[in-house]
>>> print(open('run_39.cif').read())   # mmCIF, C-alpha atoms and all ligand atoms
data_data
loop_
_atom_site.label_atom_id
_atom_site.label_comp_id
_atom_site.auth_asym_id
_atom_site.auth_seq_id
_atom_site.Cartn_x
_atom_site.Cartn_y
_atom_site.Cartn_z
CA MET A 1 -58.98 -114.83 30.52
CA LEU A 2 -56.33 -113.77 33.02
CA GLU A 3 -57.11 -110.10 32.39
CA THR A 4 -60.36 -110.58 34.33
CA LEU A 5 -58.39 -111.13 37.54
CA VAL A 6 -58.32 -108.34 40.11
CA GLN A 7 -55.23 -107.58 42.15
CA LEU A 8 -55.51 -108.85 45.73
CA PRO A 9 -54.08 -107.12 48.79
CA ASP A 10 -50.98 -108.71 50.35
CA ASP A 11 -51.46 -111.57 52.79
CA PRO A 12 -52.03 -109.98 56.23
CA ILE A 13 -49.17 -111.97 57.80
CA LEU A 14 -46.74 -112.88 55.00
CA GLY A 15 -47.11 -109.45 53.35
CA LEU A 16 -45.37 -107.87 56.34
CA MET A 17 -42.16 -109.80 55.63
CA ALA A 18 -41.43 -107.90 52.41
CA VAL A 19 -42.36 -104.48 53.84
CA TYR A 20 -40.10 -105.10 56.84
CA ARG A 21 -37.22 -106.24 54.62
CA ASN A 22 -37.43 -103.06 52.53
CA ASP A 23 -37.53 -100.68 55.52
CA PRO A 24 -34.09 -98.98 55.85
CA ASN A 25 -34.65 -97.93 59.51
CA PRO A 26 -31.83 -99.60 61.55
CA LEU A 27 -34.13 -99.69 64.59
CA LYS A 28 -36.89 -101.64 62.84
CA ILE A 29 -38.45 -104.57 64.70
CA ASP A 30 -40.17 -107.58 63.13
CA LEU A 31 -42.95 -108.97 65.32
CA GLY A 32 -44.96 -110.21 62.34
CA VAL A 33 -44.73 -113.70 60.93
CA GLY A 34 -44.51 -116.56 63.44
CA ILE A 35 -40.87 -117.53 63.20
CA TYR A 36 -38.67 -118.22 66.22
CA LYS A 37 -35.78 -115.79 66.59
CA ASP A 38 -32.84 -115.96 68.95
CA GLU A 39 -31.43 -113.05 70.97
CA ALA A 40 -29.47 -111.90 67.89
CA GLY A 41 -32.65 -111.88 65.79
CA ASN A 42 -31.64 -114.94 63.75
CA THR A 43 -33.57 -118.12 62.99
CA PRO A 44 -30.72 -120.64 62.91
CA VAL A 45 -30.91 -124.25 61.76
CA LEU A 46 -31.10 -126.41 64.91
CA ASP A 47 -27.97 -128.46 65.67
CA ALA A 48 -30.06 -131.64 65.85
CA VAL A 49 -31.35 -130.84 62.35
CA LYS A 50 -27.82 -130.18 61.04
CA LYS A 51 -26.64 -133.54 62.36
CA ALA A 52 -29.68 -135.31 60.91
CA GLN A 53 -28.98 -133.66 57.56
CA LEU A 54 -25.42 -134.94 57.49
CA HIS A 55 -26.62 -138.40 58.38
CA HIS A 56 -29.31 -138.22 55.71
CA ILE A 57 -26.90 -137.13 52.97
CA ASN A 58 -24.63 -140.05 53.81
CA THR A 59 -27.34 -142.68 53.95
CA GLU A 60 -30.00 -141.62 51.42
CA THR A 61 -30.12 -144.15 48.61
CA THR A 62 -32.76 -142.81 46.23
CA LYS A 63 -34.81 -139.81 45.19
CA ALA A 64 -37.57 -141.99 43.73
CA TYR A 65 -41.19 -140.99 44.41
CA ILE A 66 -42.30 -141.30 48.01
CA GLY A 67 -46.06 -141.91 47.46
CA PRO A 68 -49.06 -139.85 48.66
CA ALA A 69 -48.81 -140.98 52.31
CA GLY A 70 -45.14 -140.06 52.61
CA ALA A 71 -42.67 -142.03 54.72
CA PRO A 72 -44.32 -144.58 57.05
CA GLY A 73 -41.49 -144.15 59.57
CA PHE A 74 -42.25 -140.43 59.81
CA GLY A 75 -45.92 -141.22 60.42
CA LYS A 76 -44.99 -143.53 63.30
CA VAL A 77 -42.69 -141.08 65.09
CA MET A 78 -45.22 -138.27 64.68
CA GLU A 79 -48.02 -140.38 66.16
CA ALA A 80 -45.84 -141.19 69.16
CA LEU A 81 -44.85 -137.54 69.58
CA LEU A 82 -48.42 -136.32 69.45
CA LEU A 83 -50.42 -139.09 71.08
CA GLY A 84 -47.82 -140.98 73.15
CA ALA A 85 -46.41 -144.26 71.81
CA ASP A 86 -48.83 -146.53 73.64
CA HIS A 87 -52.04 -144.66 72.90
CA PRO A 88 -54.98 -147.09 72.46
CA ALA A 89 -55.81 -145.70 69.01
CA ILE A 90 -52.26 -146.60 67.85
CA VAL A 91 -52.26 -149.99 69.56
CA GLU A 92 -55.69 -150.84 68.09
CA GLY A 93 -54.60 -149.83 64.58
CA ARG A 94 -57.12 -146.98 64.26
CA THR A 95 -54.65 -144.24 63.31
CA ASN A 96 -53.73 -143.07 59.91
CA THR A 97 -50.91 -140.61 59.45
CA LEU A 98 -49.90 -138.95 56.22
CA GLN A 99 -46.84 -136.78 55.81
CA THR A 100 -47.91 -133.42 54.37
CA PRO A 101 -46.33 -130.23 53.02
CA GLY A 102 -46.38 -128.40 56.37
CA GLY A 103 -49.33 -127.89 58.65
CA CYS A 104 -51.08 -126.07 55.79
CA GLY A 105 -50.98 -129.19 53.61
CA ALA A 106 -52.36 -131.16 56.55
CA LEU A 107 -55.22 -128.73 57.09
CA ARG A 108 -56.16 -128.74 53.43
CA ALA A 109 -56.07 -132.55 53.27
CA ALA A 110 -58.25 -132.70 56.40
CA ALA A 111 -60.73 -130.27 54.87
CA GLU A 112 -60.92 -132.25 51.62
CA LEU A 113 -61.45 -135.44 53.62
CA VAL A 114 -64.29 -133.85 55.59
CA LYS A 115 -65.85 -132.70 52.34
CA ARG A 116 -65.84 -136.27 51.06
CA CYS A 117 -67.68 -137.34 54.22
CA ASN A 118 -70.18 -134.47 54.22
CA SER A 119 -70.04 -131.77 51.56
CA GLY A 120 -72.50 -129.68 53.60
CA ALA A 121 -70.31 -129.70 56.73
CA THR A 122 -69.60 -126.55 58.67
CA VAL A 123 -66.16 -126.05 60.15
CA TRP A 124 -66.39 -124.14 63.44
CA VAL A 125 -63.31 -122.06 64.15
CA SER A 126 -62.43 -120.03 67.22
CA ASN A 127 -62.98 -116.28 67.16
CA PRO A 128 -60.25 -115.28 66.59
CA THR A 129 -58.31 -117.93 64.72
CA TRP A 130 -55.19 -118.05 62.52
CA ALA A 131 -56.09 -116.04 59.41
CA ASN A 132 -55.08 -118.86 57.05
CA HIS A 133 -57.46 -121.36 58.66
CA ILE A 134 -60.33 -119.72 56.82
CA PRO A 135 -59.05 -120.11 53.22
CA LEU A 136 -57.37 -123.45 53.91
CA MET A 137 -60.65 -124.96 55.08
CA GLY A 138 -63.20 -122.66 53.43
CA ASP A 139 -61.82 -122.68 49.87
CA THR A 140 -62.80 -126.34 49.65
CA GLY A 141 -66.45 -125.21 49.78
CA LEU A 142 -66.99 -126.12 53.42
CA GLN A 143 -68.90 -123.50 55.40
CA ILE A 144 -67.01 -121.64 58.11
CA LYS A 145 -68.64 -120.43 61.33
CA GLU A 146 -67.10 -119.08 64.50
CA TYR A 147 -67.42 -120.01 68.15
CA PRO A 148 -66.56 -117.38 70.79
CA TYR A 149 -63.08 -117.87 72.23
CA TYR A 150 -61.10 -114.81 73.30
CA ASP A 151 -62.53 -111.71 74.94
CA ARG A 152 -60.27 -108.81 74.06
CA GLU A 153 -61.80 -106.65 76.82
CA THR A 154 -60.75 -109.02 79.59
CA SER A 155 -57.87 -110.69 77.69
CA SER A 156 -59.22 -114.11 78.65
CA ILE A 157 -61.07 -117.09 77.20
CA GLN A 158 -64.86 -116.80 77.04
CA PHE A 159 -65.26 -120.41 78.00
CA GLU A 160 -68.95 -120.40 78.90
CA ALA A 161 -69.88 -118.77 75.61
CA MET A 162 -67.60 -121.19 73.75
CA ILE A 163 -69.22 -124.24 75.34
CA ALA A 164 -72.73 -122.82 74.83
CA THR A 165 -72.00 -122.56 71.10
CA LEU A 166 -70.38 -126.00 70.86
CA GLU A 167 -73.48 -127.44 72.53
CA GLN A 168 -75.42 -126.37 69.44
CA VAL A 169 -73.02 -128.03 66.97
CA GLY A 170 -74.21 -131.39 65.68
CA ALA A 171 -72.90 -134.56 64.09
CA GLY A 172 -71.57 -133.98 60.58
CA ASP A 173 -69.85 -130.74 61.53
CA VAL A 174 -66.23 -130.14 62.50
CA VAL A 175 -64.85 -128.08 65.39
CA LEU A 176 -61.31 -126.83 64.87
CA LEU A 177 -59.37 -126.42 68.13
CA HIS A 178 -55.84 -125.10 68.65
CA GLY A 179 -53.84 -127.86 70.38
CA CYS A 180 -51.64 -125.36 72.24
CA CYS A 181 -50.13 -121.88 71.95
CA HIS A 182 -53.28 -120.45 70.38
CA ASN A 183 -52.58 -118.46 67.23
CA PRO A 184 -53.21 -115.49 67.44
CA CYS A 185 -54.11 -114.93 71.11
CA GLY A 186 -51.82 -117.29 73.08
CA ALA A 187 -54.65 -118.17 75.51
CA ASP A 188 -54.98 -121.95 75.91
CA LEU A 189 -57.69 -124.10 77.45
CA ASN A 190 -56.75 -125.69 80.78
CA LEU A 191 -57.11 -129.45 81.26
CA GLN A 192 -60.53 -129.18 82.89
CA GLN A 193 -61.75 -127.12 79.97
CA TRP A 194 -60.39 -129.70 77.51
CA GLU A 195 -62.32 -132.37 79.46
CA GLN A 196 -65.47 -130.31 79.08
CA VAL A 197 -64.93 -129.81 75.36
CA ALA A 198 -64.35 -133.56 75.01
CA ALA A 199 -67.59 -134.30 76.87
CA VAL A 200 -69.54 -131.96 74.59
CA ALA A 201 -67.89 -133.45 71.47
CA LYS A 202 -68.85 -136.91 72.64
CA ALA A 203 -72.43 -135.94 73.50
CA ARG A 204 -73.04 -133.94 70.32
CA GLY A 205 -71.13 -136.21 67.93
CA PHE A 206 -69.26 -133.51 66.02
CA LEU A 207 -65.78 -134.27 64.72
CA PRO A 208 -63.00 -132.38 66.54
CA LEU A 209 -59.98 -131.30 64.49
CA VAL A 210 -56.99 -130.33 66.60
CA ASP A 211 -54.46 -128.14 64.83
CA ILE A 212 -51.15 -128.25 66.68
CA ALA A 213 -48.37 -126.18 65.16
CA TYR A 214 -46.40 -125.20 68.28
CA GLN A 215 -45.97 -128.39 70.32
CA GLY A 216 -43.15 -127.87 72.82
CA LEU A 217 -43.18 -124.09 72.69
CA GLY A 218 -45.78 -123.62 75.44
CA ASP A 219 -45.18 -125.74 78.56
CA GLY A 220 -43.39 -128.81 77.10
CA LEU A 221 -43.89 -131.53 74.51
CA ASP A 222 -46.22 -133.74 76.55
CA GLU A 223 -47.88 -130.85 78.37
CA ASP A 224 -48.74 -129.15 75.07
CA ALA A 225 -50.29 -132.35 73.70
CA ALA A 226 -52.33 -133.04 76.85
CA GLY A 227 -55.53 -131.47 75.49
CA LEU A 228 -55.46 -133.41 72.28
CA ARG A 229 -54.73 -136.62 74.21
CA ILE A 230 -57.79 -135.96 76.39
CA LEU A 231 -59.89 -135.63 73.25
CA ALA A 232 -58.31 -138.69 71.63
CA ALA A 233 -59.22 -140.75 74.70
CA ALA A 234 -62.80 -139.49 74.77
CA VAL A 235 -64.11 -139.48 71.21
CA PRO A 236 -64.20 -142.29 68.64
CA GLU A 237 -62.97 -140.14 65.74
CA LEU A 238 -60.50 -137.28 65.67
CA LEU A 239 -58.49 -135.34 63.12
CA ILE A 240 -55.10 -133.88 64.02
CA THR A 241 -53.03 -131.56 61.87
CA ALA A 242 -49.46 -130.97 62.98
CA SER A 243 -46.57 -128.84 61.84
CA CYS A 244 -42.81 -129.34 62.31
CA SER A 245 -42.09 -125.79 61.11
CA LYS A 246 -41.65 -124.17 64.51
CA ASN A 247 -40.59 -126.88 66.94
CA PHE A 248 -38.01 -128.36 64.53
CA GLY A 249 -37.32 -125.01 62.81
CA LEU A 250 -38.04 -126.62 59.43
CA TYR A 251 -40.20 -123.80 58.08
CA ARG A 252 -39.19 -123.85 54.41
CA GLU A 253 -38.91 -127.64 54.26
CA ARG A 254 -42.71 -127.82 54.55
CA THR A 255 -43.01 -130.69 57.00
CA GLY A 256 -46.26 -131.65 58.66
CA ALA A 257 -48.71 -134.46 59.22
CA VAL A 258 -52.41 -135.16 59.13
CA ILE A 259 -53.59 -137.86 61.52
CA ALA A 260 -57.06 -139.35 61.27
CA ILE A 261 -58.22 -141.53 64.16
CA SER A 262 -61.10 -143.74 63.09
CA ALA A 263 -63.57 -145.66 65.22
CA SER A 264 -62.40 -149.04 63.86
CA SER A 265 -59.49 -150.49 61.91
CA ILE A 266 -61.85 -151.15 58.95
CA ALA A 267 -62.87 -147.48 58.88
CA ARG A 268 -59.17 -146.70 59.15
CA ASP A 269 -58.40 -148.47 55.88
CA ALA A 270 -61.17 -146.64 54.02
CA THR A 271 -60.00 -143.32 55.49
CA HIS A 272 -56.45 -144.09 54.38
CA SER A 273 -57.54 -144.70 50.79
CA GLN A 274 -59.57 -141.49 50.76
CA LEU A 275 -56.74 -139.41 52.24
CA CYS A 276 -54.28 -140.79 49.67
CA SER A 277 -56.74 -139.97 46.91
CA VAL A 278 -57.19 -136.42 48.27
CA VAL A 279 -53.42 -135.95 48.28
CA ARG A 280 -52.98 -137.44 44.80
CA ALA A 281 -55.57 -134.99 43.46
CA ASN A 282 -53.93 -132.00 45.15
CA TYR A 283 -50.15 -132.25 45.23
CA SER A 284 -49.64 -135.95 44.46
CA MET A 285 -47.14 -136.54 47.24
CA PRO A 286 -45.29 -134.56 49.90
CA PRO A 287 -41.70 -133.27 49.77
CA ALA A 288 -39.37 -135.77 51.45
CA HIS A 289 -36.46 -133.91 53.00
CA GLY A 290 -37.86 -132.32 56.18
CA ALA A 291 -39.81 -135.41 57.18
CA ALA A 292 -36.70 -137.56 56.71
CA LEU A 293 -34.85 -135.30 59.17
CA VAL A 294 -37.65 -135.51 61.75
CA GLU A 295 -37.70 -139.28 61.43
CA ILE A 296 -33.91 -139.45 61.90
CA ILE A 297 -34.04 -137.18 64.97
CA LEU A 298 -36.93 -138.96 66.65
CA SER A 299 -35.44 -142.40 65.93
CA SER A 300 -32.15 -141.52 67.63
CA GLU A 301 -31.91 -141.17 71.42
CA GLU A 302 -28.97 -138.83 71.09
CA LEU A 303 -30.56 -136.52 68.52
CA THR A 304 -33.88 -136.55 70.35
CA ALA A 305 -32.12 -135.44 73.54
CA GLN A 306 -30.35 -132.68 71.64
CA TRP A 307 -33.60 -131.55 70.02
CA HIS A 308 -35.34 -131.52 73.42
CA SER A 309 -32.66 -129.27 74.85
CA GLU A 310 -32.78 -126.89 71.85
CA LEU A 311 -36.57 -126.77 72.07
CA THR A 312 -36.38 -126.11 75.80
CA LEU A 313 -34.06 -123.17 75.13
CA MET A 314 -36.52 -121.72 72.64
CA ARG A 315 -39.47 -122.19 75.01
CA ASN A 316 -37.64 -120.72 78.00
CA ARG A 317 -36.51 -117.74 75.96
CA ILE A 318 -40.08 -117.01 74.85
CA ASN A 319 -41.47 -117.40 78.37
CA GLY A 320 -38.69 -115.20 79.77
CA LEU A 321 -39.47 -112.54 77.18
CA ARG A 322 -43.14 -112.58 78.15
CA GLN A 323 -42.19 -111.71 81.74
CA LEU A 324 -39.55 -109.18 80.66
CA LEU A 325 -42.00 -107.37 78.39
CA VAL A 326 -44.56 -107.00 81.18
CA ASP A 327 -41.87 -105.88 83.65
CA LYS A 328 -40.60 -103.26 81.19
CA ILE A 329 -44.15 -102.02 80.54
CA VAL A 330 -44.71 -101.57 84.30
CA ALA A 331 -41.29 -99.90 84.73
CA ARG A 332 -42.10 -97.49 81.87
CA GLY A 333 -45.13 -96.30 83.89
CA ILE A 334 -47.77 -97.61 81.49
CA GLU A 335 -50.86 -98.02 83.64
CA ARG A 336 -52.79 -100.52 81.54
CA ASP A 337 -52.56 -104.08 82.86
CA PHE A 338 -50.58 -106.28 80.47
CA SER A 339 -50.00 -109.13 82.94
CA PHE A 340 -52.16 -111.43 80.76
CA ILE A 341 -49.10 -111.73 78.47
CA THR A 342 -47.31 -113.78 81.13
CA ARG A 343 -50.26 -116.18 81.36
CA GLU A 344 -50.38 -116.81 77.62
CA LYS A 345 -48.34 -119.41 75.75
CA GLY A 346 -46.25 -119.80 72.64
CA MET A 347 -45.15 -117.22 70.14
CA PHE A 348 -48.19 -114.97 70.09
CA SER A 349 -50.23 -112.55 72.18
CA PHE A 350 -52.36 -109.59 71.28
CA LEU A 351 -50.77 -106.33 72.36
CA GLY A 352 -54.30 -104.98 72.71
CA VAL A 353 -53.84 -101.79 70.68
CA THR A 354 -56.14 -100.63 67.90
CA PRO A 355 -55.36 -101.16 64.19
CA GLU A 356 -54.69 -97.40 63.98
CA GLN A 357 -52.15 -97.67 66.80
CA VAL A 358 -50.57 -100.72 65.10
CA ARG A 359 -50.16 -98.67 61.92
CA GLN A 360 -48.82 -95.71 63.91
CA MET A 361 -46.14 -97.88 65.52
CA ARG A 362 -45.31 -99.19 62.03
CA SER A 363 -45.11 -95.83 60.28
CA GLU A 364 -43.45 -93.85 63.09
CA ASN A 365 -41.16 -96.48 64.62
CA SER A 366 -40.83 -99.25 62.01
CA ILE A 367 -42.31 -101.84 64.38
CA TYR A 368 -44.06 -104.47 62.29
CA PHE A 369 -46.91 -106.62 63.54
CA VAL A 370 -50.30 -107.74 62.30
CA ASP A 371 -53.21 -105.25 62.34
CA SER A 372 -55.05 -107.41 64.87
CA SER A 373 -52.21 -106.38 67.26
CA ARG A 374 -50.83 -109.94 67.34
CA ILE A 375 -47.14 -109.83 68.18
CA ASN A 376 -44.53 -112.54 67.77
CA ILE A 377 -42.93 -112.51 71.22
CA ALA A 378 -39.82 -114.26 69.84
CA GLY A 379 -39.03 -111.15 67.78
CA ILE A 380 -38.28 -109.22 70.99
CA ASN A 381 -34.76 -109.12 72.41
CA ASN A 382 -32.74 -107.18 74.95
CA SER A 383 -31.61 -104.69 72.31
CA ASN A 384 -35.05 -103.77 70.98
CA ILE A 385 -37.37 -104.14 73.98
CA ASP A 386 -36.96 -100.60 75.34
CA TYR A 387 -37.56 -99.10 71.90
CA LEU A 388 -40.69 -101.26 71.59
CA VAL A 389 -42.03 -100.27 75.01
CA ASP A 390 -41.32 -96.58 74.34
CA SER A 391 -43.26 -96.79 71.11
CA LEU A 392 -46.14 -98.55 72.88
CA ALA A 393 -46.18 -95.87 75.59
CA ARG A 394 -46.39 -93.16 72.93
CA VAL A 395 -49.38 -94.64 71.11
CA LEU A 396 -51.21 -95.37 74.34
C1 LIG A 401 -47.97 -117.25 61.46
O1 LIG A 401 -49.11 -117.35 61.92
O2 LIG A 401 -47.34 -116.19 61.44
C2 LIG A 401 -47.28 -118.47 60.90
O3 LIG A 401 -48.08 -119.58 61.10
C3 LIG A 401 -46.84 -118.30 59.49
C4 LIG A 401 -47.98 -118.26 58.51
O4 LIG A 401 -47.91 -119.01 57.54
O5 LIG A 401 -48.93 -117.48 58.68
#
>>> encode(input="run_39.cif", output="structure tokens")
Amino acid sequence: MLETLVQLPDDPILGLMAVYRNDPNPLKIDLGVGIYKDEAGNTPVLDAVKKAQLHHINTETTKAYIGPAGAPGFGKVMEALLLGADHPAIVEGRTNTLQTPGGCGALRAAAELVKRCNSGATVWVSNPTWANHIPLMGDTGLQIKEYPYYDRETSSIQFEAMIATLEQVGAGDVVLLHGCCHNPCGADLNLQQWEQVAAVAKARGFLPLVDIAYQGLGDGLDEDAAGLRILAAAVPELLITASCSKNFGLYRERTGAVIAISASSIARDATHSQLCSVVRANYSMPPAHGAALVEIILSSEELTAQWHSELTLMRNRINGLRQLLVDKIVARGIERDFSFITREKGMFSFLGVTPEQVRQMRSENSIYFVDSSRINIAGINNSNIDYLVDSLARVL
């Protein structure tokens, strides 16, 4: 049977990791996969995480099964981080949080849950969206459609077109929104725009799903969750999928959460049973380690303060690099306006070059980024930025 399988091309994002690794060019630059890198190009374990690990090793009493929902303490700290501890949905007992294997596990669980509610549902995703949103949601059998989001010509959000499309979406469908630091374009809705989206969601009755994988890497922890909090205050039901990969640097520990806010505490219990059943049928239960570390950090004032300061360093470095890149581009005499990069948030922006130019920069200069021209800003540093800008000038 297996001989009927055809060979698939590499994953458009993860595939770049291996090609980069095998490139012997000492000047090579990795702007591909969304991983935070420091000035030396490393992705170190955060000090807050190291301390939590030591604490965990000394206090862990068992490796017995954790159950499909994961650790309840992790669910609580994640709800507070995302929604604010005193959010009405938490106080009224309408939230349901399951620990998942990363944000991907959360997205898949959310999709399976939606399918159980309405197998004919359409999931509306932004154009463009993170490439893996499509298989994570679509491979469940849900239909995928796009709403307009980012205009590459003007490097800005097409908000009127987005709203006009959302005004056609009805109850029974899902609209997937990026909570902050939009992947791949970096262009985020402002608070007024979130209010408008919330009003349309309320009027039309569709279910919003906010995917938030970069909380704290845009403007700050609370600032980056402001849009999802606006939605959570406006609509009776909401799905949230969150990742601890980037903000806690826990990538390979696969740590995430799916939060379902229901209209009532009775609906909450039914949703909980369905989510646990979805998980049991997929991966049975989540890995424990990363979530245990997050729970330890967020339950300790001292470790939380340390994590905040490490996260602030990461955010400030990325925002500083955005400005530096634009300054270097101007200084190099490139006439095209790249100032939009300073207005965008998080790890990603489009460089705005064609797929042919992306491949040219890869083959001639060993600069690796996704064909869409999405770059990981955190991969830039003071040692490689001039080489990058020179290469850009050449292809332009
Ligand atoms: C990315 O977009 O590069 C990251 O979210 C990593 C991934 O899994 O694609």
>>> atom_distance(input="run_39.cif", atom1="atom CA of Ile259 of chain A", atom2="atom CA of Ala292 of chain A")
17.6 Å
>>> closest_atom_pairs(input="run_39.cif", of="chain A", to="ligand LIG 401 (chain A)", cutoff="12 Å", atoms="only C-alpha atoms and all ligand atoms", output="Markdown table")
| residue | atom | partner | partner_atom | distance |
| --- | --- | --- | --- | --- |
| A:Asp11 | CA | A:LIG401 | O5 | 8.7 |
| A:Pro12 | CA | A:LIG401 | O5 | 8.5 |
| A:Ile13 | CA | A:LIG401 | O5 | 5.6 |
| A:Leu14 | CA | A:LIG401 | O5 | 6.3 |
| A:Gly15 | CA | A:LIG401 | O5 | 9.8 |
| A:Leu16 | CA | A:LIG401 | O2 | 10.0 |
| A:Met17 | CA | A:LIG401 | O2 | 10.1 |
| A:Asp30 | CA | A:LIG401 | O2 | 11.3 |
| A:Leu31 | CA | A:LIG401 | O2 | 9.3 |
| A:Gly32 | CA | A:LIG401 | O2 | 6.5 |
| A:Val33 | CA | A:LIG401 | O2 | 3.6 |
| A:Gly34 | CA | A:LIG401 | O2 | 3.5 |
| A:Ile35 | CA | A:LIG401 | O2 | 6.8 |
| A:Tyr36 | CA | A:LIG401 | O2 | 10.1 |
| A:Gly102 | CA | A:LIG401 | O4 | 9.6 |
| A:Gly103 | CA | A:LIG401 | O3 | 8.8 |
| A:Cys104 | CA | A:LIG401 | O4 | 7.9 |
| A:Gly105 | CA | A:LIG401 | O4 | 11.3 |
| A:Thr129 | CA | A:LIG401 | O1 | 9.6 |
| A:Trp130 | CA | A:LIG401 | O1 | 6.1 |
| A:Ala131 | CA | A:LIG401 | O5 | 7.3 |
| A:Asn132 | CA | A:LIG401 | O5 | 6.5 |
| A:His133 | CA | A:LIG401 | O5 | 9.4 |
| A:Ile134 | CA | A:LIG401 | O5 | 11.8 |
| A:Pro135 | CA | A:LIG401 | O5 | 11.8 |
| A:Leu136 | CA | A:LIG401 | O4 | 11.1 |
| A:Cys181 | CA | A:LIG401 | O1 | 11.1 |
| A:His182 | CA | A:LIG401 | O1 | 9.9 |
| A:Asn183 | CA | A:LIG401 | O1 | 6.4 |
| A:Pro184 | CA | A:LIG401 | O1 | 7.1 |
| A:Cys185 | CA | A:LIG401 | O1 | 10.7 |
| A:Gly186 | CA | A:LIG401 | O1 | 11.5 |
| A:Asp211 | CA | A:LIG401 | O3 | 11.3 |
| A:Ile212 | CA | A:LIG401 | O3 | 10.8 |
| A:Ala213 | CA | A:LIG401 | O3 | 7.8 |
| A:Tyr214 | CA | A:LIG401 | O3 | 9.3 |
| A:Ala242 | CA | A:LIG401 | O3 | 11.6 |
| A:Ser243 | CA | A:LIG401 | O3 | 9.4 |
| A:Cys244 | CA | A:LIG401 | O3 | 11.2 |
| A:Ser245 | CA | A:LIG401 | O3 | 8.6 |
| A:Lys246 | CA | A:LIG401 | O3 | 8.6 |
| A:Asn247 | CA | A:LIG401 | O3 | 12.0 |
| A:Tyr251 | CA | A:LIG401 | C3 | 8.7 |
| A:Arg252 | CA | A:LIG401 | O4 | 10.5 |
| A:Arg254 | CA | A:LIG401 | O4 | 10.7 |
| A:Gly346 | CA | A:LIG401 | O1 | 11.4 |
| A:Met347 | CA | A:LIG401 | O2 | 9.0 |
| A:Phe348 | CA | A:LIG401 | O1 | 8.6 |
| A:Ser349 | CA | A:LIG401 | O1 | 11.4 |
| A:Phe369 | CA | A:LIG401 | O2 | 9.8 |
| A:Val370 | CA | A:LIG401 | O2 | 9.0 |
| A:Ser372 | CA | A:LIG401 | O1 | 11.9 |
| A:Arg374 | CA | A:LIG401 | O2 | 9.3 |
| A:Ile375 | CA | A:LIG401 | O2 | 9.3 |
| A:Asn376 | CA | A:LIG401 | O2 | 7.8 |
| A:Ile377 | CA | A:LIG401 | O2 | 11.3 |
| A:Ala378 | CA | A:LIG401 | O2 | 11.4 |
| A:Gly379 | CA | A:LIG401 | O2 | 11.6 |
>>> residues_around(input="run_39.cif", residues="Ile380 of chain A", least_positions_apart="4", cutoff="12 Å", atoms="all atoms listed in the file", output="PyMOL selection string")
chain A and resi 28-32+35-42+317-325+347-348+367-369+375-376+384-389
>>> closest_residue(input="run_39.cif", among="A:Pro286, A:Gly220, A:Pro44, A:Gly249", to="Pro101 of chain A", atoms="all atoms listed in the file")
A:Pro286
>>> closest_atom_pairs(input="run_39.cif", of="segment 286-369 of chain A", to="segment 73-83 of chain A", cutoff="12 Å", atoms="all atoms listed in the file", output="tab-separated table")
residue	atom	partner	partner_atom	distance
A:Pro286	CA	A:Phe74	CA	11.9
A:Ala288	CA	A:Phe74	CA	10.0
A:His289	CA	A:Phe74	CA	11.1
A:Gly290	CA	A:Phe74	CA	9.9
A:Ala291	CA	A:Phe74	CA	6.2
A:Ala292	CA	A:Phe74	CA	7.0
A:Leu293	CA	A:Phe74	CA	9.0
A:Val294	CA	A:Phe74	CA	7.0
A:Glu295	CA	A:Phe74	CA	5.0
A:Ile296	CA	A:Phe74	CA	8.7
A:Ile297	CA	A:Val77	CA	9.5
A:Leu298	CA	A:Val77	CA	6.3
A:Ser299	CA	A:Val77	CA	7.4
A:Ser300	CA	A:Val77	CA	10.9
A:Thr304	CA	A:Leu81	CA	11.0
A:His308	CA	A:Leu81	CA	11.9
>>> atom_distance(input="run_39.cif", atom1="atom CA of Phe350 of chain A", atom2="atom CA of Ile334 of chain A")
16.4 Å
>>> atom_distance(input="run_39.cif", atom1="atom CA of Glu160 of chain A", atom2="atom CA of Gln196 of chain A")
10.5 Å
>>> closest_residue(input="run_39.cif", among="A:Arg108, A:Ser156, A:Gly70, A:Gly172", to="Leu207 of chain A", atoms="only C-alpha atoms")
A:Gly172
>>> closest_residue(input="run_39.cif", among="A:Leu113, A:Ala48, A:Val278, A:Ala69", to="Glu310 of chain A", atoms="all atoms listed in the file")
A:Ala48
>>> closest_residue(input="run_39.cif", among="A:Asn282, A:Ser155, A:Thr43, A:Gln99", to="Ile341 of chain A", atoms="all atoms listed in the file")
A:Ser155
>>> residues_around(input="run_39.cif", residues="Ala89 of chain A", least_positions_apart="5", cutoff="7 Å", atoms="only C-alpha atoms", output="NGL selection string")
:A and (94-95 or 261)
>>> write_last_selection(input="run_39.cif", atoms="C-alpha atoms", output="mmCIF file, keeping the file's coordinate frame")
data_model
loop_
_atom_site.group_PDB
_atom_site.id
_atom_site.type_symbol
_atom_site.label_atom_id
_atom_site.label_comp_id
_atom_site.auth_asym_id
_atom_site.auth_seq_id
_atom_site.Cartn_x
_atom_site.Cartn_y
_atom_site.Cartn_z
ATOM 1 C CA ARG A 94 -57.120 -146.980 64.260
ATOM 2 C CA THR A 95 -54.650 -144.240 63.310
ATOM 3 C CA ILE A 261 -58.220 -141.530 64.160
#
>>> closest_residue(input="run_39.cif", among="A:Leu351, A:Ala164, A:Val49, A:Ala171", to="Gln306 of chain A", atoms="all atoms listed in the file")
A:Val49
>>> residues_around(input="run_39.cif", residues="Ser277 of chain A", least_positions_apart="3", cutoff="12 Å", atoms="all atoms listed in the file", output="NGL selection string")
:A and (67-69 or 98 or 109 or 112-113 or 116 or 270-274 or 280-285)
>>> residues_around(input="run_39.cif", residues="Ala106 of chain A", least_positions_apart="5", cutoff="7 Å", atoms="only C-alpha atoms", output="PyMOL selection string")
chain A and resi 100+241+256-258
